[in-house]
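Shown next: model.tsv, containing TSV, C-alpha atoms and all ligand atoms.
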chain	number	residue	atom	x	y	z
O	1	MET	CA	57.96	132.74	139.19
O	2	LYS	CA	59.44	134.41	136.12
O	3	HIS	CA	56.64	132.89	134.11
O	4	PHE	CA	54.13	134.47	136.47
O	5	LEU	CA	55.93	137.83	136.37
O	6	LEU	CA	55.93	137.85	132.58
O	7	ALA	CA	52.27	136.97	132.49
O	8	ALA	CA	51.49	139.65	135.07
O	9	ALA	CA	53.67	142.25	133.39
O	10	LEU	CA	52.09	141.65	130.03
O	11	GLY	CA	48.58	141.33	131.41
O	12	LEU	CA	47.97	137.85	130.07
O	13	SER	CA	45.25	135.41	130.91
O	14	ALA	CA	45.28	131.62	130.54
O	15	PRO	CA	47.26	130.53	127.46
O	16	ALA	CA	44.55	128.19	126.21
O	17	ALA	CA	42.16	131.10	125.74
O	18	MET	CA	44.73	132.81	123.50
O	19	ALA	CA	45.40	129.94	121.17
O	20	CYS	CA	44.96	130.37	117.48
O	21	GLU	CA	43.38	133.81	117.56
O	22	THR	CA	42.77	135.75	114.37
O	23	VAL	CA	42.93	139.54	114.15
O	24	THR	CA	42.16	141.78	111.22
O	25	ILE	CA	43.13	145.30	110.24
O	26	GLY	CA	41.72	146.73	107.04
O	27	ASP	CA	42.13	144.07	104.37
O	28	LEU	CA	44.71	142.12	106.34
O	29	THR	CA	44.02	139.00	108.37
O	30	ILE	CA	46.69	137.94	110.83
O	31	GLU	CA	46.54	134.43	112.26
O	32	HIS	CA	48.50	131.43	113.55
O	33	ALA	CA	51.05	133.54	115.40
O	34	TRP	CA	53.45	131.27	117.22
O	35	SER	CA	56.88	131.06	118.75
O	36	LYS	CA	59.16	128.40	120.18
O	37	ALA	CA	60.20	127.93	123.78
O	38	THR	CA	63.70	129.20	124.56
O	39	LEU	CA	66.35	128.07	127.00
O	40	GLY	CA	66.83	131.14	129.12
O	41	ALA	CA	66.73	134.64	127.69
O	42	ALA	CA	70.26	134.91	126.28
O	43	ARG	CA	69.45	133.36	122.90
O	44	PRO	CA	66.94	134.98	120.56
O	45	GLY	CA	63.38	133.77	120.25
O	46	VAL	CA	61.51	133.42	117.01
O	47	PHE	CA	58.16	134.68	115.72
O	48	TYR	CA	56.06	133.14	112.96
O	49	VAL	CA	52.69	134.27	111.60
O	50	GLU	CA	50.41	134.06	108.57
O	51	ILE	CA	49.19	137.26	106.93
O	52	THR	CA	46.49	137.30	104.25
O	53	ASN	CA	45.73	140.36	102.15
O	54	THR	CA	42.16	140.20	100.78
O	55	GLY	CA	42.32	143.72	99.36
O	56	SER	CA	43.45	145.06	96.01
O	57	THR	CA	46.42	147.04	97.30
O	58	ASP	CA	49.87	145.63	98.04
O	59	ASP	CA	51.06	146.16	101.58
O	60	ALA	CA	54.26	145.31	103.45
O	61	LEU	CA	55.25	144.30	106.96
O	62	VAL	CA	57.91	146.83	107.93
O	63	GLY	CA	58.51	146.10	111.60
O	64	ILE	CA	57.54	144.30	114.77
O	65	SER	CA	57.68	145.27	118.42
O	66	SER	CA	56.94	143.41	121.64
O	67	PRO	CA	57.23	143.93	125.38
O	68	ALA	CA	58.79	140.44	125.44
O	69	ALA	CA	61.89	141.49	123.49
O	70	GLY	CA	64.05	144.59	123.54
O	71	MET	CA	65.25	144.16	119.98
O	72	PRO	CA	62.84	142.41	117.65
O	73	MET	CA	63.83	142.34	113.97
O	74	LEU	CA	62.54	140.88	110.74
O	75	HIS	CA	64.85	138.34	109.13
O	76	GLU	CA	64.79	136.03	106.19
O	77	THR	CA	66.49	132.65	106.15
O	78	VAL	CA	68.01	132.14	102.73
O	79	VAL	CA	69.41	128.76	101.71
O	80	GLN	CA	71.50	129.13	98.58
O	81	ASP	CA	73.82	126.43	97.23
O	82	GLY	CA	73.36	124.58	100.50
O	83	ILE	CA	74.52	127.54	102.61
O	84	ALA	CA	72.03	129.03	105.06
O	85	SER	CA	72.27	132.68	105.98
O	86	MET	CA	69.85	135.02	107.72
O	87	PRO	CA	69.84	138.55	106.33
O	88	HIS	CA	67.80	141.37	107.84
O	89	ALA	CA	64.50	141.91	105.98
O	90	MET	CA	63.80	145.63	105.76
O	91	SER	CA	60.29	144.99	104.55
O	92	ILE	CA	58.28	141.82	103.87
O	93	PRO	CA	55.86	142.15	100.92
O	94	VAL	CA	52.19	141.33	101.56
O	95	PRO	CA	50.84	141.25	98.00
O	96	ALA	CA	47.21	142.12	97.20
O	97	GLY	CA	44.96	139.08	96.90
O	98	GLN	CA	47.65	136.89	98.45
O	99	GLY	CA	49.63	137.20	101.60
O	100	VAL	CA	52.77	135.95	103.22
O	101	GLN	CA	53.85	133.35	105.74
O	102	LEU	CA	56.54	133.86	108.30
O	103	SER	CA	57.49	130.22	108.77
O	104	PRO	CA	60.52	128.01	109.53
O	105	GLY	CA	63.17	128.26	106.82
O	106	GLY	CA	61.89	131.57	105.45
O	107	TYR	CA	60.83	134.94	106.81
O	108	HIS	CA	60.75	135.15	110.60
O	109	GLY	CA	60.75	137.61	113.42
O	110	MET	CA	63.93	137.39	115.45
O	111	LEU	CA	63.27	138.30	119.08
O	112	MET	CA	66.53	139.50	120.56
O	113	GLY	CA	66.92	140.88	124.03
O	114	LEU	CA	64.20	138.66	125.52
O	115	THR	CA	62.98	140.04	128.84
O	116	THR	CA	62.56	136.48	130.08
O	117	ALA	CA	62.71	132.93	128.74
O	118	LEU	CA	59.77	131.93	126.58
O	119	LYS	CA	58.04	128.93	128.14
O	120	GLU	CA	55.82	126.49	126.31
O	121	GLY	CA	52.19	127.38	126.98
O	122	ASP	CA	52.88	131.09	127.51
O	123	SER	CA	51.72	133.72	125.13
O	124	PHE	CA	52.92	137.26	124.54
O	125	PRO	CA	51.82	140.16	122.32
O	126	VAL	CA	53.61	141.26	119.17
O	127	THR	CA	52.65	144.46	117.37
O	128	LEU	CA	53.04	144.31	113.59
O	129	SER	CA	53.59	147.53	111.64
O	130	PHE	CA	52.35	147.57	108.07
O	131	GLU	CA	53.31	150.19	105.54
O	132	LYS	CA	49.68	150.98	104.67
O	133	ALA	CA	47.35	149.21	107.09
O	134	GLY	CA	49.12	150.56	110.19
O	135	GLU	CA	49.66	148.71	113.46
O	136	VAL	CA	47.94	145.68	114.87
O	137	THR	CA	48.71	143.53	117.90
O	138	VAL	CA	48.43	139.76	117.94
O	139	ASN	CA	48.93	137.27	120.76
O	140	VAL	CA	51.66	134.76	120.07
O	141	ASP	CA	51.45	131.21	121.44
O	142	VAL	CA	54.70	129.73	122.69
O	143	LEU	CA	54.97	126.13	121.48
O	144	SER	CA	57.58	123.50	122.28
O	145	LEU	CA	61.15	123.78	121.06
O	146	ARG	CA	60.44	120.96	118.60
O	147	ALA	CA	57.13	122.33	117.28
O	148	GLU	CA	56.74	122.68	113.53
O	149	GLY	CA	53.67	124.89	113.62
O	150	PRO	CA	50.49	125.69	115.54
O	151	ASP	CA	47.93	122.97	116.00
O	152	CYS	CA	44.89	125.09	115.20
O	153	ALA	CA	41.74	123.50	113.80
O	154	ASP	CA	41.90	125.81	110.80
O	155	ALA	CA	45.70	125.88	110.41
O	156	GLY	CA	46.70	125.50	106.80
O	157	GLN	CA	49.72	123.33	107.68
H	1	MET	CA	93.74	95.10	60.37
H	2	ARG	CA	95.35	98.49	60.73
H	3	LEU	CA	91.92	100.14	60.67
H	4	ARG	CA	90.72	97.73	63.32
H	5	SER	CA	93.49	98.58	65.78
H	6	PHE	CA	92.88	102.27	65.09
H	7	GLN	CA	89.22	101.68	66.02
H	8	ILE	CA	90.32	99.99	69.24
H	9	VAL	CA	92.53	102.96	70.09
H	10	LEU	CA	89.57	105.26	69.45
H	11	TRP	CA	87.35	103.17	71.68
H	12	ILE	CA	89.93	103.24	74.47
H	13	ALA	CA	90.26	107.00	74.14
H	14	ALA	CA	86.50	107.47	74.19
H	15	THR	CA	86.12	105.24	77.26
H	16	ALA	CA	88.88	107.12	79.06
H	17	ALA	CA	87.16	110.41	78.24
H	18	VAL	CA	83.87	109.14	79.66
H	19	ILE	CA	85.58	107.98	82.85
H	20	ALA	CA	87.40	111.31	83.21
H	21	PHE	CA	84.14	113.19	82.65
H	22	ALA	CA	82.34	111.02	85.21
H	23	ALA	CA	85.07	111.63	87.78
H	24	VAL	CA	84.66	115.38	87.38
H	25	ARG	CA	80.90	115.26	87.11
H	26	TRP	CA	80.25	112.98	90.08
H	27	GLY	CA	83.13	113.92	92.31
H	28	PRO	CA	82.47	115.19	95.86
H	29	ALA	CA	80.14	118.12	95.42
H	30	LEU	CA	79.15	120.76	97.93
H	31	ASP	CA	75.85	121.74	96.43
H	32	ASP	CA	72.52	120.62	97.80
H	33	THR	CA	71.57	118.62	94.75
H	34	ALA	CA	74.35	116.09	95.29
H	35	ALA	CA	72.68	113.77	97.76
H	36	ALA	CA	75.07	110.95	97.02
H	37	ALA	CA	78.76	111.29	96.26
H	38	PRO	CA	81.76	108.99	96.61
H	39	ALA	CA	82.70	108.33	100.21
H	40	PHE	CA	85.59	110.25	101.71
H	41	PRO	CA	86.97	110.00	105.23
H	42	THR	CA	85.80	112.53	107.81
H	43	ALA	CA	87.50	113.43	111.06
H	44	PHE	CA	87.06	115.77	113.99
H	45	ALA	CA	88.67	116.35	117.36
H	46	LEU	CA	86.49	118.71	119.38
H	47	ALA	CA	85.63	119.27	123.03
H	48	ASP	CA	82.22	118.39	124.42
H	49	SER	CA	80.46	120.61	126.94
H	50	GLU	CA	82.51	119.08	129.77
H	51	GLY	CA	85.75	119.89	128.03
H	52	ARG	CA	86.53	116.28	127.11
H	53	MET	CA	88.12	115.82	123.70
H	54	ARG	CA	85.91	113.71	121.43
H	55	THR	CA	87.24	112.28	118.20
H	56	THR	CA	85.86	110.37	115.25
H	57	ASP	CA	87.60	107.16	116.38
H	58	GLU	CA	85.41	106.60	119.42
H	59	PHE	CA	82.30	106.41	117.18
H	60	ARG	CA	83.60	103.71	114.81
H	61	GLY	CA	80.93	101.07	114.35
H	62	LYS	CA	78.11	103.62	114.58
H	63	PHE	CA	76.37	105.71	111.99
H	64	LEU	CA	76.78	109.43	112.67
H	65	LEU	CA	74.28	112.14	111.83
H	66	VAL	CA	76.38	115.31	111.84
H	67	PHE	CA	75.04	118.85	111.67
H	68	PHE	CA	76.97	122.12	111.82
H	69	GLY	CA	75.25	125.14	113.34
H	70	PHE	CA	75.11	127.64	116.18
H	71	THR	CA	72.75	127.90	119.10
H	72	SER	CA	71.79	131.57	118.58
H	73	CYS	CA	70.16	130.53	115.33
H	74	PRO	CA	66.42	130.34	116.06
H	75	ASP	CA	65.23	129.22	112.64
H	76	VAL	CA	67.34	126.74	110.62
H	77	CYS	CA	69.20	124.99	113.45
H	78	PRO	CA	66.16	124.12	115.61
H	79	THR	CA	64.35	122.77	112.57
H	80	THR	CA	67.17	120.34	111.75
H	81	LEU	CA	67.70	119.40	115.41
H	82	SER	CA	63.97	118.70	115.74
H	83	GLU	CA	64.10	116.41	112.70
H	84	VAL	CA	67.09	114.59	114.17
H	85	ALA	CA	65.30	114.27	117.52
H	86	GLN	CA	62.29	112.78	115.74
H	87	VAL	CA	64.51	110.31	113.88
H	88	MET	CA	66.12	109.21	117.16
H	89	ASP	CA	62.70	108.72	118.76
H	90	ASP	CA	61.44	106.74	115.78
H	91	LEU	CA	64.53	104.51	115.51
H	92	GLY	CA	63.40	102.77	118.68
H	93	SER	CA	65.71	99.88	119.54
H	94	ASP	CA	68.04	100.80	116.65
H	95	ALA	CA	68.79	104.19	118.20
H	96	GLY	CA	71.95	102.81	119.80
H	97	SER	CA	73.51	102.35	116.35
H	98	VAL	CA	73.18	106.03	115.48
H	99	GLN	CA	75.00	108.93	117.15
H	100	PRO	CA	73.68	112.42	116.34
H	101	ILE	CA	76.33	115.15	116.67
H	102	PHE	CA	75.89	118.93	116.62
H	103	ILE	CA	79.14	120.75	115.84
H	104	SER	CA	79.18	124.44	116.76
H	105	ILE	CA	80.59	126.80	114.15
H	106	ASP	CA	80.27	129.61	116.73
H	107	PRO	CA	82.15	127.74	119.47
H	108	GLU	CA	83.22	130.57	121.76
H	109	ARG	CA	79.71	132.00	122.14
H	110	ASP	CA	78.10	128.55	122.30
H	111	ARG	CA	80.42	127.43	125.11
H	112	ARG	CA	79.44	130.56	126.99
H	113	LEU	CA	75.69	130.06	126.38
H	114	GLY	CA	75.85	126.35	127.20
H	115	LEU	CA	75.88	123.70	124.52
H	116	ALA	CA	74.68	120.57	126.35
H	117	ASP	CA	71.54	122.23	127.72
H	118	TYR	CA	70.68	123.26	124.21
H	119	THR	CA	71.18	119.89	122.48
H	120	LYS	CA	69.52	117.99	125.36
H	121	ALA	CA	66.44	120.18	125.05
H	122	PHE	CA	65.91	118.62	121.63
H	123	HIS	CA	67.02	115.08	122.44
H	124	PRO	CA	69.25	113.60	125.15
H	125	ALA	CA	71.13	111.52	122.55
H	126	ILE	CA	72.44	114.54	120.65
H	127	LEU	CA	76.08	115.29	121.44
H	128	GLY	CA	77.10	118.94	121.20
H	129	LEU	CA	80.74	119.72	120.37
H	130	ALA	CA	82.52	123.08	120.40
H	131	GLY	CA	86.24	123.18	119.74
H	132	SER	CA	88.77	125.95	119.25
H	133	GLU	CA	88.64	128.04	116.08
H	134	GLU	CA	91.38	125.90	114.53
H	135	GLU	CA	89.75	122.59	115.49
H	136	THR	CA	86.43	123.80	114.12
H	137	GLU	CA	88.03	124.84	110.84
H	138	ALA	CA	89.70	121.43	110.58
H	139	ALA	CA	86.43	119.58	111.19
H	140	ALA	CA	84.62	121.75	108.63
H	141	ALA	CA	87.35	121.13	106.05
H	142	SER	CA	87.14	117.39	106.64
H	143	PHE	CA	83.36	117.44	106.03
H	144	LYS	CA	83.87	119.87	103.12
H	145	ILE	CA	81.41	122.31	104.62
H	146	PHE	CA	81.38	126.10	104.58
H	147	TYR	CA	80.82	128.56	107.41
H	148	GLU	CA	81.50	132.23	107.78
H	149	ARG	CA	80.96	134.90	110.37
H	150	GLU	CA	78.99	137.86	109.00
H	151	ALA	CA	78.77	141.26	110.65
H	152	ASP	CA	75.08	142.09	111.11
H	153	SER	CA	73.74	144.82	113.36
H	154	SER	CA	70.32	143.14	113.32
H	155	SER	CA	71.68	140.01	115.04
H	156	PRO	CA	72.69	139.26	118.64
H	157	ASP	CA	76.21	140.54	119.50
H	158	GLY	CA	76.33	142.20	116.07
H	159	TYR	CA	77.10	139.10	114.04
H	160	THR	CA	75.52	136.03	112.56
H	161	MET	CA	76.87	132.86	111.00
H	162	ALA	CA	76.28	131.63	107.48
H	163	HIS	CA	76.78	127.88	107.27
H	164	SER	CA	76.16	124.74	105.25
H	165	SER	CA	72.72	123.59	106.30
H	166	GLY	CA	72.90	119.93	105.33
H	167	LEU	CA	72.74	116.97	107.69
H	168	TYR	CA	75.58	114.55	107.00
H	169	LEU	CA	75.46	110.79	107.33
H	170	ILE	CA	78.75	109.16	108.21
H	171	GLY	CA	79.20	105.39	108.04
H	172	PRO	CA	80.50	103.05	110.75
H	173	ASP	CA	83.97	103.24	109.12
H	174	GLY	CA	84.05	107.06	109.36
H	175	ALA	CA	83.42	107.63	105.65
H	176	TRP	CA	81.03	110.30	104.43
H	177	LEU	CA	77.97	108.57	102.93
H	178	ARG	CA	75.51	111.28	101.93
H	179	GLN	CA	73.85	114.48	102.98
H	180	PHE	CA	70.22	115.25	103.69
H	181	THR	CA	69.45	118.72	102.44
H	182	TYR	CA	67.84	121.27	104.77
H	183	GLY	CA	64.14	120.50	105.16
H	184	THR	CA	64.37	116.74	104.48
H	185	PRO	CA	61.48	115.24	106.48
H	186	ALA	CA	62.38	113.03	109.46
H	187	ALA	CA	60.55	110.09	107.86
H	188	GLU	CA	62.86	110.18	104.84
H	189	ILE	CA	66.00	110.28	107.01
H	190	LEU	CA	64.58	107.45	109.11
H	191	SER	CA	63.88	105.15	106.16
H	192	ASP	CA	67.33	105.79	104.70
H	193	LEU	CA	68.91	104.84	108.04
H	194	GLN	CA	66.70	101.79	108.45
H	195	SER	CA	67.74	100.54	105.01
H	196	ARG	CA	71.36	100.57	106.19
H	197	LEU	CA	70.98	99.17	109.71
O	201	CU	CU	66.91	135.37	112.31
Structure re-expressed in structure tokens:
Amino acid sequence: MKHFLLAAALGLSAPAAMACETVTIGDLTIEHAWSKATLGAARPGVFYVEITNTGSTDDALVGISSPAAGMPMLHETVVQDGIASMPHAMSIPVPAGQGVQLSPGGYHGMLMGLTTALKEGDSFPVTLSFEKAGEVTVNVDVLSLRAEGPDCADAGQ
Amino acid sequence: MRLRSFQIVLWIAATAAVIAFAAVRWGPALDDTAAAAPAFPTAFALADSEGRMRTTDEFRGKFLLVFFGFTSCPDVCPTTLSEVAQVMDDLGSDAGSVQPIFISIDPERDRRLGLADYTKAFHPAILGLAGSEEETEAAAASFKIFYEREADSSSPDGYTMAHSSGLYLIGPDGAWLRQFTYGTPAAEILSDLQSRL
């Protein structure tokens, strides 16, 4: 029921149709957006994505927002001398001619204040705010708790 | 003759220096590069999700895969728990000889959020433990691991936990055998275990 309400509230269609979509804004390509299922809504969810910058100007991801989470933040997992910590990332560089991956063990979106549990097979929108390119919304596929990445035909995993 | 005994004394001194250096150099190390270090005993006495006290003694005879973490950690902890789950699946009939244990370093919040539901979502074999602050500190000291609460307004409840991210292998006698650094693939952990079983 909650699953249905979330889908209805966010105006989603069948998850399969959403899988592995690619969106572009200016010189930026955003693809392979995924998340992991959560147990309930009390613990934060996570958001991973690949951003490629084909242009000649550096850009930066400065924020994310989503109707699925009241308090989404950018974080970076840092493992130093065997100690893992997770500082807030004010801005994630998206260098010209390269790009950046938000992926397990590195940069990630931390989705706090989930409106409902994230269920495998669902998808939800996340709006990314770039310093120069502006805002773009991508649909995020919710994979299993044990997933290591999206299973897209073109995924560079 | 006198020269010869002086040479012997020199040789003894040099050998002693090498041994002393080796003891310092290869003693128990906390850093990620030290995959193997001399065994030392580990111990814990922590409550499981039903409030039953679980101690090291009841697991004698089994290998333990021990990981410290907290359940509000969406990035590092699930990755390691997923690797452990994969190892348990791949061990097949040997799975009974290995007990994976998740020790909460954020025990008050994890008890409130529910520890067993969380560990079972990864694999039913994983045992989640959450003791008191003192019991948790004692377990961490025994495993020579570090954890610390950090104030952070960008995290749930205004704090996050920094913690040692290794996965620790404990032998059937309770002695620390080695650690697998964060990101060690499940296949590597599996083959290490299989070589010992
Ligand atoms: Cu985070």
### Residues of chain O within 10 Å of chain H, counting only C-alpha atoms, as number ranges by chain
O: 35-36, 38-40, 42-48, 71-89, 103-113, 144-148
Write a file of the selected residues as a PDB file, keeping the file's coordinate frame, keeping C-alpha atoms.
ATOM      1  CA  SER O  35      56.880 131.060 118.750  1.00  0.00           C
ATOM      2  CA  LYS O  36      59.160 128.400 120.180  1.00  0.00           C
ATOM      3  CA  THR O  38      63.700 129.200 124.560  1.00  0.00           C
ATOM      4  CA  LEU O  39      66.350 128.070 127.000  1.00  0.00           C
ATOM      5  CA  GLY O  40      66.830 131.140 129.120  1.00  0.00           C
ATOM      6  CA  ALA O  42      70.260 134.910 126.280  1.00  0.00           C
ATOM      7  CA  ARG O  43      69.450 133.360 122.900  1.00  0.00           C
ATOM      8  CA  PRO O  44      66.940 134.980 120.560  1.00  0.00           C
ATOM      9  CA  GLY O  45      63.380 133.770 120.250  1.00  0.00           C
ATOM     10  CA  VAL O  46      61.510 133.420 117.010  1.00  0.00           C
ATOM     11  CA  PHE O  47      58.160 134.680 115.720  1.00  0.00           C
ATOM     12  CA  TYR O  48      56.060 133.140 112.960  1.00  0.00           C
ATOM     13  CA  MET O  71      65.250 144.160 119.980  1.00  0.00           C
ATOM     14  CA  PRO O  72      62.840 142.410 117.650  1.00  0.00           C
ATOM     15  CA  MET O  73      63.830 142.340 113.970  1.00  0.00           C
ATOM     16  CA  LEU O  74      62.540 140.880 110.740  1.00  0.00           C
ATOM     17  CA  HIS O  75      64.850 138.340 109.130  1.00  0.00           C
ATOM     18  CA  GLU O  76      64.790 136.030 106.190  1.00  0.00           C
ATOM     19  CA  THR O  77      66.490 132.650 106.150  1.00  0.00           C
ATOM     20  CA  VAL O  78      68.010 132.140 102.730  1.00  0.00           C
ATOM     21  CA  VAL O  79      69.410 128.760 101.710  1.00  0.00           C
ATOM     22  CA  GLN O  80      71.500 129.130  98.580  1.00  0.00           C
ATOM     23  CA  ASP O  81      73.820 126.430  97.230  1.00  0.00           C
ATOM     24  CA  GLY O  82      73.360 124.580 100.500  1.00  0.00           C
ATOM     25  CA  ILE O  83      74.520 127.540 102.610  1.00  0.00           C
ATOM     26  CA  ALA O  84      72.030 129.030 105.060  1.00  0.00           C
ATOM     27  CA  SER O  85      72.270 132.680 105.980  1.00  0.00           C
ATOM     28  CA  MET O  86      69.850 135.020 107.720  1.00  0.00           C
ATOM     29  CA  PRO O  87      69.840 138.550 106.330  1.00  0.00           C
ATOM     30  CA  HIS O  88      67.800 141.370 107.840  1.00  0.00           C
ATOM     31  CA  ALA O  89      64.500 141.910 105.980  1.00  0.00           C
ATOM     32  CA  SER O 103      57.490 130.220 108.770  1.00  0.00           C
ATOM     33  CA  PRO O 104      60.520 128.010 109.530  1.00  0.00           C
ATOM     34  CA  GLY O 105      63.170 128.260 106.820  1.00  0.00           C
ATOM     35  CA  GLY O 106      61.890 131.570 105.450  1.00  0.00           C
ATOM     36  CA  TYR O 107      60.830 134.940 106.810  1.00  0.00           C
ATOM     37  CA  HIS O 108      60.750 135.150 110.600  1.00  0.00           C
ATOM     38  CA  GLY O 109      60.750 137.610 113.420  1.00  0.00           C
ATOM     39  CA  MET O 110      63.930 137.390 115.450  1.00  0.00           C
ATOM     40  CA  LEU O 111      63.270 138.300 119.080  1.00  0.00           C
ATOM     41  CA  MET O 112      66.530 139.500 120.560  1.00  0.00           C
ATOM     42  CA  GLY O 113      66.920 140.880 124.030  1.00  0.00           C
ATOM     43  CA  SER O 144      57.580 123.500 122.280  1.00  0.00           C
ATOM     44  CA  LEU O 145      61.150 123.780 121.060  1.00  0.00           C
ATOM     45  CA  ARG O 146      60.440 120.960 118.600  1.00  0.00           C
ATOM     46  CA  ALA O 147      57.130 122.330 117.280  1.00  0.00           C
ATOM     47  CA  GLU O 148      56.740 122.680 113.530  1.00  0.00           C
TER      48      GLU O 148
END
### Query
Pick from H:Gly174, H:Phe70, H:Phe102, H:Tyr168: nearest to ligand CU 201 (chain O), with all atoms listed in the file counted?
H:Phe70
### Task
Identify which of the residues O:Ala60, O:Cys152, O:Ala33, O:Met90 lies closest to Asn139 of chain O, counting all atoms listed in the file when measuring atom-to-atom distances.
O:Ala33
### Task
Go ahead and compute the interatomic distance for atom CA of Gly61 of chain H and atom CA of Leu167 of chain H, in Å to one decimal.
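Pair atom CA of Gly61 of chain H / atom CA of Leu167 of chain H returns 19.1 Å.
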### Message
Between O:Leu128, O:Val142, O:Leu102, O:Leu118, which residue has the minimum interatomic distance to ligand CU 201 (chain O), considering all atoms listed in the file?
### Response
O:Leu102
